[in-house]
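K.L.:
One file is attached below, upload-v4.pdb, containing PDB, C-alpha atoms.
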MODEL        1
ATOM      1  CA  MET A1025     -52.888  61.451 148.638
ATOM      2  CA  PRO A1026     -53.310  57.951 150.150
ATOM      3  CA  THR A1027     -51.950  57.271 153.624
ATOM      4  CA  THR A1028     -49.219  55.029 152.231
ATOM      5  CA  GLU A1029     -48.453  54.341 148.593
ATOM      6  CA  THR A1030     -45.945  51.624 147.665
ATOM      7  CA  GLN A1031     -44.380  51.053 144.243
ATOM      8  CA  ARG A1032     -41.469  49.051 142.868
ATOM      9  CA  PHE A1033     -39.202  50.019 139.995
ATOM     10  CA  HIS A1034     -37.454  47.273 138.010
ATOM     11  CA  ASP A1035     -37.658  45.001 141.086
ATOM     12  CA  ARG A1036     -34.608  46.763 142.561
ATOM     13  CA  VAL A1037     -36.042  49.915 144.132
ATOM     14  CA  GLN A1038     -39.037  50.256 146.425
ATOM     15  CA  LEU A1039     -40.830  53.547 147.024
ATOM     16  CA  GLN A1040     -43.165  54.293 149.927
ATOM     17  CA  LEU A1041     -44.918  57.659 150.023
ATOM     18  CA  ASP A1042     -46.836  58.721 153.121
ATOM     19  CA  GLY A1043     -49.655  61.213 153.542
ATOM     20  CA  ASP A1044     -47.279  63.954 154.688
ATOM     21  CA  GLY A1045     -45.381  63.877 151.403
ATOM     22  CA  VAL A1046     -42.338  62.050 152.800
ATOM     23  CA  ALA A1047     -40.986  59.364 150.472
ATOM     24  CA  GLN A1048     -38.818  56.429 151.492
ATOM     25  CA  LEU A1049     -36.787  55.108 148.580
ATOM     26  CA  ARG A1050     -35.140  51.789 149.366
ATOM     27  CA  LEU A1051     -32.459  50.041 147.351
ATOM     28  CA  SER A1052     -33.806  46.507 147.437
ATOM     29  CA  ARG A1053     -31.243  43.923 146.417
ATOM     30  CA  PRO A1054     -30.183  42.775 149.888
ATOM     31  CA  ASP A1055     -28.683  39.438 148.832
ATOM     32  CA  LYS A1056     -26.040  41.384 146.864
ATOM     33  CA  MET A1057     -25.614  44.249 149.361
ATOM     34  CA  ASN A1058     -27.633  46.390 146.937
ATOM     35  CA  ALA A1059     -24.875  46.222 144.316
ATOM     36  CA  ILE A1060     -25.696  48.124 141.156
ATOM     37  CA  ASP A1061     -26.689  46.127 138.089
ATOM     38  CA  ALA A1062     -28.740  47.102 135.042
ATOM     39  CA  GLY A1063     -31.981  46.773 137.000
ATOM     40  CA  MET A1064     -30.700  48.991 139.810
ATOM     41  CA  PHE A1065     -29.555  51.642 137.328
ATOM     42  CA  ALA A1066     -32.947  51.597 135.615
ATOM     43  CA  GLY A1067     -34.914  51.434 138.861
ATOM     44  CA  LEU A1068     -33.212  54.427 140.436
ATOM     45  CA  VAL A1069     -33.580  56.572 137.329
ATOM     46  CA  ALA A1070     -37.248  55.581 136.960
ATOM     47  CA  ALA A1071     -37.949  56.267 140.642
ATOM     48  CA  ALA A1072     -36.318  59.695 140.430
ATOM     49  CA  GLU A1073     -38.350  60.560 137.338
ATOM     50  CA  HIS A1074     -41.526  59.426 139.107
ATOM     51  CA  LEU A1075     -40.762  61.480 142.222
ATOM     52  CA  ALA A1076     -40.123  64.585 140.143
ATOM     53  CA  GLY A1077     -43.790  64.480 139.132
ATOM     54  CA  VAL A1078     -45.342  63.697 142.527
ATOM     55  CA  ARG A1079     -47.621  66.489 143.679
ATOM     56  CA  GLY A1080     -47.200  67.316 147.353
ATOM     57  CA  LEU A1081     -43.761  65.720 147.682
ATOM     58  CA  ARG A1082     -41.913  67.277 150.619
ATOM     59  CA  ALA A1083     -38.753  65.203 151.219
ATOM     60  CA  VAL A1084     -37.111  61.902 150.281
ATOM     61  CA  VAL A1085     -35.212  59.447 152.478
ATOM     62  CA  LEU A1086     -32.842  57.187 150.536
ATOM     63  CA  HIS A1087     -31.599  53.979 152.194
ATOM     64  CA  GLY A1088     -30.568  50.394 151.550
ATOM     65  CA  GLU A1089     -32.222  47.127 152.538
ATOM     66  CA  GLY A1090     -30.250  44.504 154.445
ATOM     67  CA  ARG A1091     -26.601  44.715 155.480
ATOM     68  CA  ALA A1092     -25.489  47.710 153.435
ATOM     69  CA  PHE A1093     -26.457  50.920 151.723
ATOM     70  CA  CYS A1094     -24.809  49.971 148.418
ATOM     71  CA  ALA A1095     -21.656  47.996 147.629
ATOM     72  CA  GLY A1096     -21.161  49.685 144.231
ATOM     73  CA  LEU A1097     -21.158  48.086 140.808
ATOM     74  CA  ASP A1098     -21.847  44.352 141.003
ATOM     75  CA  MET A1099     -19.165  41.774 140.333
ATOM     76  CA  ALA A1100     -20.908  40.397 137.232
ATOM     77  CA  SER A1101     -20.570  43.814 135.615
ATOM     78  CA  PHE A1102     -16.846  43.911 136.383
ATOM     79  CA  GLY A1103     -16.575  40.409 134.945
ATOM     80  CA  ARG A1104     -18.110  41.601 131.674
ATOM     81  CA  MET A1105     -15.663  44.522 131.628
ATOM     82  CA  SER A1106     -12.696  42.190 132.020
ATOM     83  CA  GLU A1107     -13.860  40.308 128.938
ATOM     84  CA  GLY A1108     -14.328  43.494 126.926
ATOM     85  CA  GLY A1109     -18.110  43.591 127.324
ATOM     86  CA  VAL A1110     -20.434  46.368 128.446
ATOM     87  CA  VAL A1111     -21.710  46.933 131.976
ATOM     88  CA  ALA A1112     -25.330  46.739 130.875
ATOM     89  CA  GLU A1113     -27.502  47.237 127.840
ATOM     90  CA  GLY A1114     -28.291  50.907 127.343
ATOM     91  CA  LEU A1115     -25.135  52.057 129.125
ATOM     92  CA  THR A1116     -22.737  51.718 126.211
ATOM     93  CA  ASP A1117     -22.451  55.356 125.106
ATOM     94  CA  LEU A1118     -21.192  57.279 128.115
ATOM     95  CA  LEU A1119     -20.766  60.453 126.053
ATOM     96  CA  ALA A1120     -24.490  60.703 125.275
ATOM     97  CA  ARG A1121     -26.256  63.246 127.501
ATOM     98  CA  THR A1122     -29.474  61.298 127.962
ATOM     99  CA  HIS A1123     -30.714  63.140 131.067
ATOM    100  CA  GLY A1124     -30.044  66.841 130.674
ATOM    101  CA  LEU A1125     -26.474  67.412 131.850
ATOM    102  CA  ALA A1126     -25.908  63.743 132.641
ATOM    103  CA  ASN A1127     -25.690  60.307 131.068
ATOM    104  CA  ALA A1128     -27.754  57.451 132.488
ATOM    105  CA  PRO A1129     -25.202  56.212 135.106
ATOM    106  CA  GLN A1130     -24.555  59.772 136.284
ATOM    107  CA  GLN A1131     -28.282  60.404 136.641
ATOM    108  CA  VAL A1132     -28.472  57.644 139.282
ATOM    109  CA  ALA A1133     -26.650  60.040 141.636
ATOM    110  CA  TRP A1134     -27.218  63.450 140.034
ATOM    111  CA  ALA A1135     -31.021  63.019 140.041
ATOM    112  CA  TRP A1136     -31.087  63.566 143.819
ATOM    113  CA  ARG A1137     -29.283  66.878 143.457
ATOM    114  CA  GLU A1138     -31.755  67.920 140.760
ATOM    115  CA  LEU A1139     -34.877  66.792 142.629
ATOM    116  CA  ALA A1140     -36.754  69.870 143.844
ATOM    117  CA  VAL A1141     -37.063  68.702 147.466
ATOM    118  CA  PRO A1142     -34.436  67.739 150.065
ATOM    119  CA  VAL A1143     -33.043  64.202 149.904
ATOM    120  CA  ILE A1144     -31.580  62.579 153.018
ATOM    121  CA  ALA A1145     -29.458  59.435 152.712
ATOM    122  CA  ALA A1146     -29.485  57.035 155.673
ATOM    123  CA  VAL A1147     -26.286  55.026 155.216
ATOM    124  CA  HIS A1148     -25.139  51.850 156.956
ATOM    125  CA  GLY A1149     -22.741  49.026 156.179
ATOM    126  CA  VAL A1150     -20.836  50.039 153.070
ATOM    127  CA  ALA A1151     -21.150  52.766 150.440
ATOM    128  CA  PHE A1152     -18.447  51.918 147.916
ATOM    129  CA  GLY A1153     -17.809  53.297 144.432
ATOM    130  CA  GLY A1154     -21.104  53.988 142.720
ATOM    131  CA  GLY A1155     -22.889  53.443 146.024
ATOM    132  CA  LEU A1156     -20.930  56.293 147.574
ATOM    133  CA  GLN A1157     -21.710  58.527 144.612
ATOM    134  CA  ILE A1158     -25.438  57.838 145.024
ATOM    135  CA  ALA A1159     -25.175  58.876 148.680
ATOM    136  CA  LEU A1160     -23.225  62.006 147.733
ATOM    137  CA  GLY A1161     -26.119  63.072 145.520
ATOM    138  CA  ALA A1162     -28.274  63.519 148.641
ATOM    139  CA  ASP A1163     -28.442  66.857 150.432
ATOM    140  CA  VAL A1164     -27.671  65.274 153.827
ATOM    141  CA  ARG A1165     -26.033  61.964 154.778
ATOM    142  CA  TYR A1166     -26.660  60.359 158.167
ATOM    143  CA  LEU A1167     -24.217  57.497 158.830
ATOM    144  CA  ALA A1168     -24.413  54.505 161.144
ATOM    145  CA  ALA A1169     -21.314  53.963 163.270
ATOM    146  CA  ASP A1170     -20.450  50.850 161.226
ATOM    147  CA  THR A1171     -20.474  52.682 157.887
ATOM    148  CA  ARG A1172     -17.472  52.376 155.578
ATOM    149  CA  MET A1173     -17.073  54.502 152.476
ATOM    150  CA  SER A1174     -14.688  54.433 149.540
ATOM    151  CA  VAL A1175     -14.142  56.133 146.214
ATOM    152  CA  MET A1176     -13.235  52.656 145.010
ATOM    153  CA  GLU A1177     -13.094  53.012 141.223
ATOM    154  CA  MET A1178      -9.280  53.167 141.046
ATOM    155  CA  GLN A1179      -9.138  49.603 142.431
ATOM    156  CA  TRP A1180     -10.831  48.501 139.205
ATOM    157  CA  GLY A1181      -8.734  50.699 136.934
ATOM    158  CA  LEU A1182     -11.480  53.302 136.578
ATOM    159  CA  VAL A1183     -12.330  56.862 137.593
ATOM    160  CA  PRO A1184     -15.457  57.960 139.487
ATOM    161  CA  ASP A1185     -17.996  58.664 136.744
ATOM    162  CA  MET A1186     -21.420  58.683 138.405
ATOM    163  CA  ALA A1187     -21.362  62.434 139.180
ATOM    164  CA  GLY A1188     -18.776  61.859 141.910
ATOM    165  CA  ILE A1189     -16.417  64.591 140.738
ATOM    166  CA  PRO A1190     -18.877  67.529 140.761
ATOM    167  CA  LEU A1191     -20.423  66.263 144.001
ATOM    168  CA  MET A1192     -17.086  65.806 145.806
ATOM    169  CA  ARG A1193     -15.937  69.225 144.613
ATOM    170  CA  GLU A1194     -18.575  70.816 146.837
ATOM    171  CA  LEU A1195     -18.076  68.541 149.846
ATOM    172  CA  LEU A1196     -14.340  67.859 150.134
ATOM    173  CA  ARG A1197     -11.132  69.830 150.219
ATOM    174  CA  ALA A1198      -9.350  69.346 146.883
ATOM    175  CA  ASP A1199      -6.359  67.453 148.264
ATOM    176  CA  VAL A1200      -8.619  65.162 150.330
ATOM    177  CA  ALA A1201     -10.687  64.306 147.245
ATOM    178  CA  ARG A1202      -7.535  63.558 145.274
ATOM    179  CA  GLU A1203      -6.126  61.350 148.022
ATOM    180  CA  LEU A1204      -9.374  59.354 148.209
ATOM    181  CA  VAL A1205      -9.625  58.954 144.425
ATOM    182  CA  PHE A1206      -5.980  57.952 143.891
ATOM    183  CA  SER A1207      -5.806  55.563 146.862
ATOM    184  CA  ALA A1208      -9.300  53.990 146.806
ATOM    185  CA  ARG A1209      -8.879  53.596 150.553
ATOM    186  CA  ILE A1210     -11.789  52.790 152.875
ATOM    187  CA  VAL A1211     -12.921  55.510 155.279
ATOM    188  CA  GLU A1212     -14.711  54.764 158.564
ATOM    189  CA  ALA A1213     -17.825  56.700 159.618
ATOM    190  CA  GLU A1214     -16.213  59.196 162.009
ATOM    191  CA  GLU A1215     -13.528  60.174 159.513
ATOM    192  CA  ALA A1216     -16.096  60.292 156.717
ATOM    193  CA  CYS A1217     -18.056  62.924 158.623
ATOM    194  CA  ARG A1218     -14.910  64.823 159.590
ATOM    195  CA  ILE A1219     -13.760  65.207 155.979
ATOM    196  CA  GLY A1220     -17.197  65.876 154.463
ATOM    197  CA  LEU A1221     -18.455  62.591 153.017
ATOM    198  CA  GLY A1222     -21.034  62.304 155.807
ATOM    199  CA  THR A1223     -23.096  64.823 157.750
ATOM    200  CA  ARG A1224     -23.027  63.101 161.142
ATOM    201  CA  VAL A1225     -22.955  59.673 162.788
ATOM    202  CA  CYS A1226     -26.321  58.521 164.162
ATOM    203  CA  ALA A1227     -27.364  55.627 166.378
ATOM    204  CA  ASP A1228     -30.274  54.992 163.998
ATOM    205  CA  PRO A1229     -29.705  56.828 160.692
ATOM    206  CA  LEU A1230     -33.018  55.804 159.127
ATOM    207  CA  ALA A1231     -35.098  56.926 162.112
ATOM    208  CA  GLU A1232     -33.258  60.246 162.299
ATOM    209  CA  ALA A1233     -33.511  60.766 158.542
ATOM    210  CA  LEU A1234     -37.263  60.169 158.663
ATOM    211  CA  ALA A1235     -37.653  62.525 161.623
ATOM    212  CA  PHE A1236     -35.696  65.210 159.780
ATOM    213  CA  ALA A1237     -37.746  64.644 156.615
ATOM    214  CA  ARG A1238     -41.003  64.976 158.545
ATOM    215  CA  GLY A1239     -39.725  68.201 160.076
ATOM    216  CA  ILE A1240     -39.048  69.504 156.573
ATOM    217  CA  ALA A1241     -42.570  68.426 155.566
ATOM    218  CA  GLY A1242     -43.931  70.825 158.181
ATOM    219  CA  ARG A1243     -42.156  73.834 156.634
ATOM    220  CA  ASN A1244     -43.351  76.126 153.852
ATOM    221  CA  PRO A1245     -42.786  73.907 150.789
ATOM    222  CA  ASP A1246     -42.193  76.930 148.571
ATOM    223  CA  ALA A1247     -39.401  78.147 150.859
ATOM    224  CA  VAL A1248     -37.851  74.674 151.106
ATOM    225  CA  ARG A1249     -37.713  74.303 147.330
ATOM    226  CA  GLY A1250     -36.376  77.834 146.943
ATOM    227  CA  ALA A1251     -33.676  77.136 149.526
ATOM    228  CA  LYS A1252     -32.597  73.995 147.675
ATOM    229  CA  ARG A1253     -32.365  75.937 144.416
ATOM    230  CA  LEU A1254     -30.162  78.536 146.108
ATOM    231  CA  LEU A1255     -27.952  75.957 147.795
ATOM    232  CA  ASN A1256     -27.507  74.090 144.516
ATOM    233  CA  GLN A1257     -26.372  77.314 142.849
ATOM    234  CA  SER A1258     -23.941  78.129 145.647
ATOM    235  CA  ALA A1259     -21.368  75.581 144.445
ATOM    236  CA  ASP A1260     -20.880  77.297 141.085
ATOM    237  CA  GLY A1261     -22.336  80.795 141.165
ATOM    238  CA  ASP A1262     -20.369  83.997 141.643
ATOM    239  CA  ALA A1263     -21.358  86.471 144.341
ATOM    240  CA  ALA A1264     -23.358  88.693 142.007
ATOM    241  CA  SER A1265     -25.482  85.850 140.619
ATOM    242  CA  LEU A1266     -26.066  84.357 144.078
ATOM    243  CA  LEU A1267     -27.080  87.699 145.603
ATOM    244  CA  MET A1268     -29.579  88.202 142.782
ATOM    245  CA  ALA A1269     -30.851  84.625 143.139
ATOM    246  CA  GLU A1270     -31.493  85.222 146.858
ATOM    247  CA  SER A1271     -33.481  88.341 146.011
ATOM    248  CA  VAL A1272     -35.512  86.591 143.306
ATOM    249  CA  GLU A1273     -36.448  83.699 145.605
ATOM    250  CA  GLN A1274     -37.341  85.982 148.513
ATOM    251  CA  ALA A1275     -39.424  88.304 146.362
ATOM    252  CA  LYS A1276     -41.507  85.308 145.244
ATOM    253  CA  LEU A1277     -42.021  84.157 148.843
ATOM    254  CA  ILE A1278     -42.867  87.361 150.728
ATOM    255  CA  GLY A1279     -46.620  87.753 150.937
ATOM    256  CA  SER A1280     -47.369  84.459 149.168
ATOM    257  CA  ALA A1281     -50.148  82.256 150.548
ATOM    258  CA  ASN A1282     -47.842  79.676 152.143
ATOM    259  CA  GLN A1283     -45.544  82.339 153.596
ATOM    260  CA  ARG A1284     -48.505  84.134 155.191
ATOM    261  CA  GLU A1285     -49.700  80.784 156.565
ATOM    262  CA  ALA A1286     -46.248  80.116 158.068
ATOM    263  CA  VAL A1287     -46.395  83.444 159.915
ATOM    264  CA  LYS A1288     -49.980  82.910 161.102
ATOM    265  CA  ALA A1289     -49.247  79.391 162.332
ATOM    266  CA  ALA A1290     -46.155  80.535 164.238
ATOM    267  CA  MET A1291     -48.053  83.415 165.868
ATOM    268  CA  GLU A1292     -51.040  81.206 166.712
ATOM    269  CA  LYS A1293     -48.779  78.372 167.957
ATOM    270  CA  ARG A1294     -50.387  75.748 165.749
ATOM    271  CA  ALA A1295     -49.342  73.432 162.923
ATOM    272  CA  PRO A1296     -49.375  75.180 159.544
ATOM    273  CA  ARG A1297     -51.749  74.114 156.770
ATOM    274  CA  PHE A1298     -49.806  74.635 153.552
ATOM    275  CA  GLN A1299     -51.161  74.469 150.015
ATOM    276  CA  ASP A1300     -49.509  72.176 147.465
TER     277      ASP A1300
ENDMDL
END
Could you take the file, read its structure, and then write that structure out as structure tokens?

P.N.:
Amino acid sequence: MPTTETQRFHDRVQLQLDGDGVAQLRLSRPDKMNAIDAGMFAGLVAAAEHLAGVRGLRAVVLHGEGRAFCAGLDMASFGRMSEGGVVAEGLTDLLARTHGLANAPQQVAWAWRELAVPVIAAVHGVAFGGGLQIALGADVRYLAADTRMSVMEMQWGLVPDMAGIPLMRELLRADVARELVFSARIVEAEEACRIGLGTRVCADPLAEALAFARGIAGRNPDAVRGAKRLLNQSADGDAASLLMAESVEQAKLIGSANQREAVKAAMEKRAPRFQD
């Protein structure tokens, strides 16, 4: 794997992958506060599909360029809606399941839940509407003190439809989710973390997200992926299925090459050398 690999997807998303398997995925439309247009939809889906096939991937850090994480759907798209038009070409049939369980707009957020490795969102400025739902797709959300979040769709006469409902179900108390959806009110960083939209407030969310991702990269990758599978199941599974899933994952890990290496490295007080 090269020391640093950089790619762009639809001129809206930039990916940097380092030699440790840590990817930085940056929403790159800073002049519009990374608002979502057709290119951003396509870029995020394409980047997620690319990452799913990257050998040696260990963790992903998702962040926004410029003043904000993501301001949500762009104003031009709302303008087309007001005139009876579509948001973007290719996004006309919301009932079509084009990406497994999801349609294309949902996949922009749901892809991070489905990705086999942990995803950490470093959020600053605003995460409104679809931008919030993208952040909610991450496993962990580090927020800058200036962050503001909103389930803003009701302001535009809409409902959250980019995987926000299944993602909020896991993170928020039911009445809190309903209050946020019905009111479309803006939540400041401290409250966002208190109610479950954020993980914690950080002085430098990107630096802390990268440090966390690099820590993950030093763990047994088989165990990390197994843990994410288990945690993803925990939102929906009953006790019997989750207990069996724990046993299945652990049985695969015990005595495997990377698990033995984790034990040896810990006992020898050295950095582990894991196999992809």

K.L.:
Hey, what comes out of the PyMOL selection byres ((chain A and resi 1174) around 7) on this file? Could you write it as a PDB file with C-alpha atoms, in the coordinates of the input?

P.N.:
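Wrote it out as result25.pdb, contents follow:
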ATOM      1  CA  ALA A1151     -21.150  52.766 150.440  1.00  0.00           C
ATOM      2  CA  PHE A1152     -18.447  51.918 147.916  1.00  0.00           C
ATOM      3  CA  GLY A1153     -17.809  53.297 144.432  1.00  0.00           C
ATOM      4  CA  LEU A1156     -20.930  56.293 147.574  1.00  0.00           C
ATOM      5  CA  ARG A1172     -17.472  52.376 155.578  1.00  0.00           C
ATOM      6  CA  MET A1173     -17.073  54.502 152.476  1.00  0.00           C
ATOM      7  CA  VAL A1175     -14.142  56.133 146.214  1.00  0.00           C
ATOM      8  CA  MET A1176     -13.235  52.656 145.010  1.00  0.00           C
ATOM      9  CA  ALA A1208      -9.300  53.990 146.806  1.00  0.00           C
ATOM     10  CA  ARG A1209      -8.879  53.596 150.553  1.00  0.00           C
ATOM     11  CA  ILE A1210     -11.789  52.790 152.875  1.00  0.00           C
ATOM     12  CA  VAL A1211     -12.921  55.510 155.279  1.00  0.00           C
TER      13      VAL A1211
END

K.L.:
Selected by the PyMOL selection byres ((chain A and resi 1250-1262) around 8) in the shown coordinates: which residues, as a PyMOL selection string?

P.N.:
chain A and resi 1137+1140-1142+1194+1246-1249+1263-1266+1269-1270+1273

K.L.:
Can you turn the PyMOL selection byres ((chain A and resi 1066) around 12) into a concrete residue list for this file, as a list in words?

P.N.:
Arg1032, Phe1033, His1034, Asp1035, Arg1036, Val1037, Leu1051, Ile1060, Asp1061, Ala1062, Gly1063, Met1064, Phe1065, Gly1067, Leu1068, Val1069, Ala1070, Ala1071, Ala1072, Glu1073, Ala1112, Glu1113, Gly1114, Leu1115, Ala1128, Pro1129, Gln1130, Gln1131 and Val1132 of chain A

K.L.:
Let me see the file: selected residues, C-alpha atoms, as an mmCIF file, in the frame of the given file.

P.N.:
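Written out: part.cif:
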data_model
loop_
_atom_site.group_PDB
_atom_site.id
_atom_site.type_symbol
_atom_site.label_atom_id
_atom_site.label_comp_id
_atom_site.auth_asym_id
_atom_site.auth_seq_id
_atom_site.Cartn_x
_atom_site.Cartn_y
_atom_site.Cartn_z
ATOM 1 C CA ARG A 1032 -41.469 49.051 142.868
ATOM 2 C CA PHE A 1033 -39.202 50.019 139.995
ATOM 3 C CA HIS A 1034 -37.454 47.273 138.010
ATOM 4 C CA ASP A 1035 -37.658 45.001 141.086
ATOM 5 C CA ARG A 1036 -34.608 46.763 142.561
ATOM 6 C CA VAL A 1037 -36.042 49.915 144.132
ATOM 7 C CA LEU A 1051 -32.459 50.041 147.351
ATOM 8 C CA ILE A 1060 -25.696 48.124 141.156
ATOM 9 C CA ASP A 1061 -26.689 46.127 138.089
ATOM 10 C CA ALA A 1062 -28.740 47.102 135.042
ATOM 11 C CA GLY A 1063 -31.981 46.773 137.000
ATOM 12 C CA MET A 1064 -30.700 48.991 139.810
ATOM 13 C CA PHE A 1065 -29.555 51.642 137.328
ATOM 14 C CA GLY A 1067 -34.914 51.434 138.861
ATOM 15 C CA LEU A 1068 -33.212 54.427 140.436
ATOM 16 C CA VAL A 1069 -33.580 56.572 137.329
ATOM 17 C CA ALA A 1070 -37.248 55.581 136.960
ATOM 18 C CA ALA A 1071 -37.949 56.267 140.642
ATOM 19 C CA ALA A 1072 -36.318 59.695 140.430
ATOM 20 C CA GLU A 1073 -38.350 60.560 137.338
ATOM 21 C CA ALA A 1112 -25.330 46.739 130.875
ATOM 22 C CA GLU A 1113 -27.502 47.237 127.840
ATOM 23 C CA GLY A 1114 -28.291 50.907 127.343
ATOM 24 C CA LEU A 1115 -25.135 52.057 129.125
ATOM 25 C CA ALA A 1128 -27.754 57.451 132.488
ATOM 26 C CA PRO A 1129 -25.202 56.212 135.106
ATOM 27 C CA GLN A 1130 -24.555 59.772 136.284
ATOM 28 C CA GLN A 1131 -28.282 60.404 136.641
ATOM 29 C CA VAL A 1132 -28.472 57.644 139.282
#

K.L.:
Taking only C-alpha atoms into account, which of A:Met1186, A:Val1205, A:Leu1191, A:Ala1146 comes nearest Arg1224 of chain A?

P.N.:
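For Arg1224 of chain A, the nearest of the candidates is A:Ala1146.
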
K.L.:
A:Gln1274, A:Ser1207, A:Ser1280, A:Gln1157: which is nearest Gly1222 of chain A, counting only C-alpha atoms?

P.N.:
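Using only C-alpha atoms, Gly1222 of chain A sits closest to A:Gln1157.
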
K.L.:
Residues within 7 Å of Ala1047 of chain A, please, as a list of chain:residue names. Count only C-alpha atoms; anything in the same chain fewer than 2 positions from it doesn't count.

P.N.:
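Final neighbour list, sorted by chain and number: A:Leu1039, A:Gln1040, A:Leu1041, A:Asp1042, A:Gly1045, A:Leu1049, A:Ala1083, A:Val1084, A:Val1085.
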
K.L.:
Would you compute the box with edges along x, y and z of the file around segment 1027-1037 of chain A, including every atom the file lists for it and 3 Å extra on each side, and give its centre and edge lengths in Å to one decimal, as lines of an AutoDock Vina configuration file?

P.N.:
center_x = -43.3
center_y = 51.1
center_z = 145.8
size_x = 23.3
size_y = 18.3
size_z = 21.6

K.L.:
What is the distance between atom CA of Leu1139 of chain A and atom CA of Arg1082 of chain A, in Å to one decimal?

P.N.:
10.7 Å

K.L.:
Could you give me, as a list of chain:residue names, the residues within 12 Å of Arg1284 of chain A, counting all atoms listed in the file and dropping anything in the same chain fewer than 2 positions from it?

P.N.:
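Close residues of Arg1284 of chain A: A:Asn1244, A:Asp1246, A:Ala1247, A:Leu1277, A:Ile1278, A:Gly1279, A:Ser1280, A:Ala1281, A:Asn1282, A:Ala1286, A:Val1287, A:Lys1288, A:Ala1289, A:Ala1290, A:Met1291, A:Pro1296, A:Arg1297, A:Phe1298, A:Gln1299.
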
K.L.:
Atoms to include: C-alpha atoms. Write the selected residues as a PDB file, keeping the file's coordinate frame.

P.N.:
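Saved to out-v5.pdb:
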ATOM      1  CA  ASN A1244     -43.351  76.126 153.852  1.00  0.00           C
ATOM      2  CA  ASP A1246     -42.193  76.930 148.571  1.00  0.00           C
ATOM      3  CA  ALA A1247     -39.401  78.147 150.859  1.00  0.00           C
ATOM      4  CA  LEU A1277     -42.021  84.157 148.843  1.00  0.00           C
ATOM      5  CA  ILE A1278     -42.867  87.361 150.728  1.00  0.00           C
ATOM      6  CA  GLY A1279     -46.620  87.753 150.937  1.00  0.00           C
ATOM      7  CA  SER A1280     -47.369  84.459 149.168  1.00  0.00           C
ATOM      8  CA  ALA A1281     -50.148  82.256 150.548  1.00  0.00           C
ATOM      9  CA  ASN A1282     -47.842  79.676 152.143  1.00  0.00           C
ATOM     10  CA  ALA A1286     -46.248  80.116 158.068  1.00  0.00           C
ATOM     11  CA  VAL A1287     -46.395  83.444 159.915  1.00  0.00           C
ATOM     12  CA  LYS A1288     -49.980  82.910 161.102  1.00  0.00           C
ATOM     13  CA  ALA A1289     -49.247  79.391 162.332  1.00  0.00           C
ATOM     14  CA  ALA A1290     -46.155  80.535 164.238  1.00  0.00           C
ATOM     15  CA  MET A1291     -48.053  83.415 165.868  1.00  0.00           C
ATOM     16  CA  PRO A1296     -49.375  75.180 159.544  1.00  0.00           C
ATOM     17  CA  ARG A1297     -51.749  74.114 156.770  1.00  0.00           C
ATOM     18  CA  PHE A1298     -49.806  74.635 153.552  1.00  0.00           C
ATOM     19  CA  GLN A1299     -51.161  74.469 150.015  1.00  0.00           C
TER      20      GLN A1299
END

K.L.:
Which residues come within 9 Å of Gly1220 of chain A, counting only C-alpha atoms, excluding same-chain residues fewer than 5 positions away, as JSON, numbers by chain?

P.N.:
{"A": [1192, 1195, 1196, 1197, 1215]}

K.L.:
Skip Asp1044 of chain A itself and residues of its chain fewer than 4 positions away, then list as a count of residues only all residues within 12 Å of it, counting all atoms listed in the file.

P.N.:
26

K.L.:
Quick one, how far is atom CA of Ala1095 of chain A from atom CA of Ile1219 of chain A?

P.N.:
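Atom CA of Ala1095 of chain A sits 20.7 Å away from atom CA of Ile1219 of chain A.
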
K.L.:
Quick one: residues within 7 Å of segment 1052-1056 of chain A, all atoms listed in the file counted, chain neighbours fewer than 6 positions away excluded, as an MDAnalysis selection string?

P.N.:
chainID A and resid 1036:1038 1088:1091

K.L.:
Of the candidates A:Ala1120, A:Arg1202, A:Lys1293, A:Leu1221, which shows the shortest atom-to-atom distance to Ala1159 of chain A, using only C-alpha atoms?

P.N.:
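Closest to Ala1159 of chain A of all the choices is A:Leu1221.
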
K.L.:
How far is it from atom CA of Arg1218 of chain A to atom CA of Gly1181 of chain A, in Å with one decimal?

P.N.:
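That distance, rounded to one decimal, is 27.4 Å.
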
K.L.:
Counting all atoms listed in the file, which residues sit no farther than 6 Å from the position (-24.5, 46.5, 156.2) in the file's frame? I'd like them as a list in words.

P.N.:
Arg1091, Ala1092, His1148, Gly1149 and Val1150 of chain A

K.L.:
Got time to write the residues from that selection, C-alpha atoms, as a PDB file, in the frame of the given file?

P.N.:
ATOM      1  CA  ARG A1091     -26.601  44.715 155.480  1.00  0.00           C
ATOM      2  CA  ALA A1092     -25.489  47.710 153.435  1.00  0.00           C
ATOM      3  CA  HIS A1148     -25.139  51.850 156.956  1.00  0.00           C
ATOM      4  CA  GLY A1149     -22.741  49.026 156.179  1.00  0.00           C
ATOM      5  CA  VAL A1150     -20.836  50.039 153.070  1.00  0.00           C
TER       6      VAL A1150
END
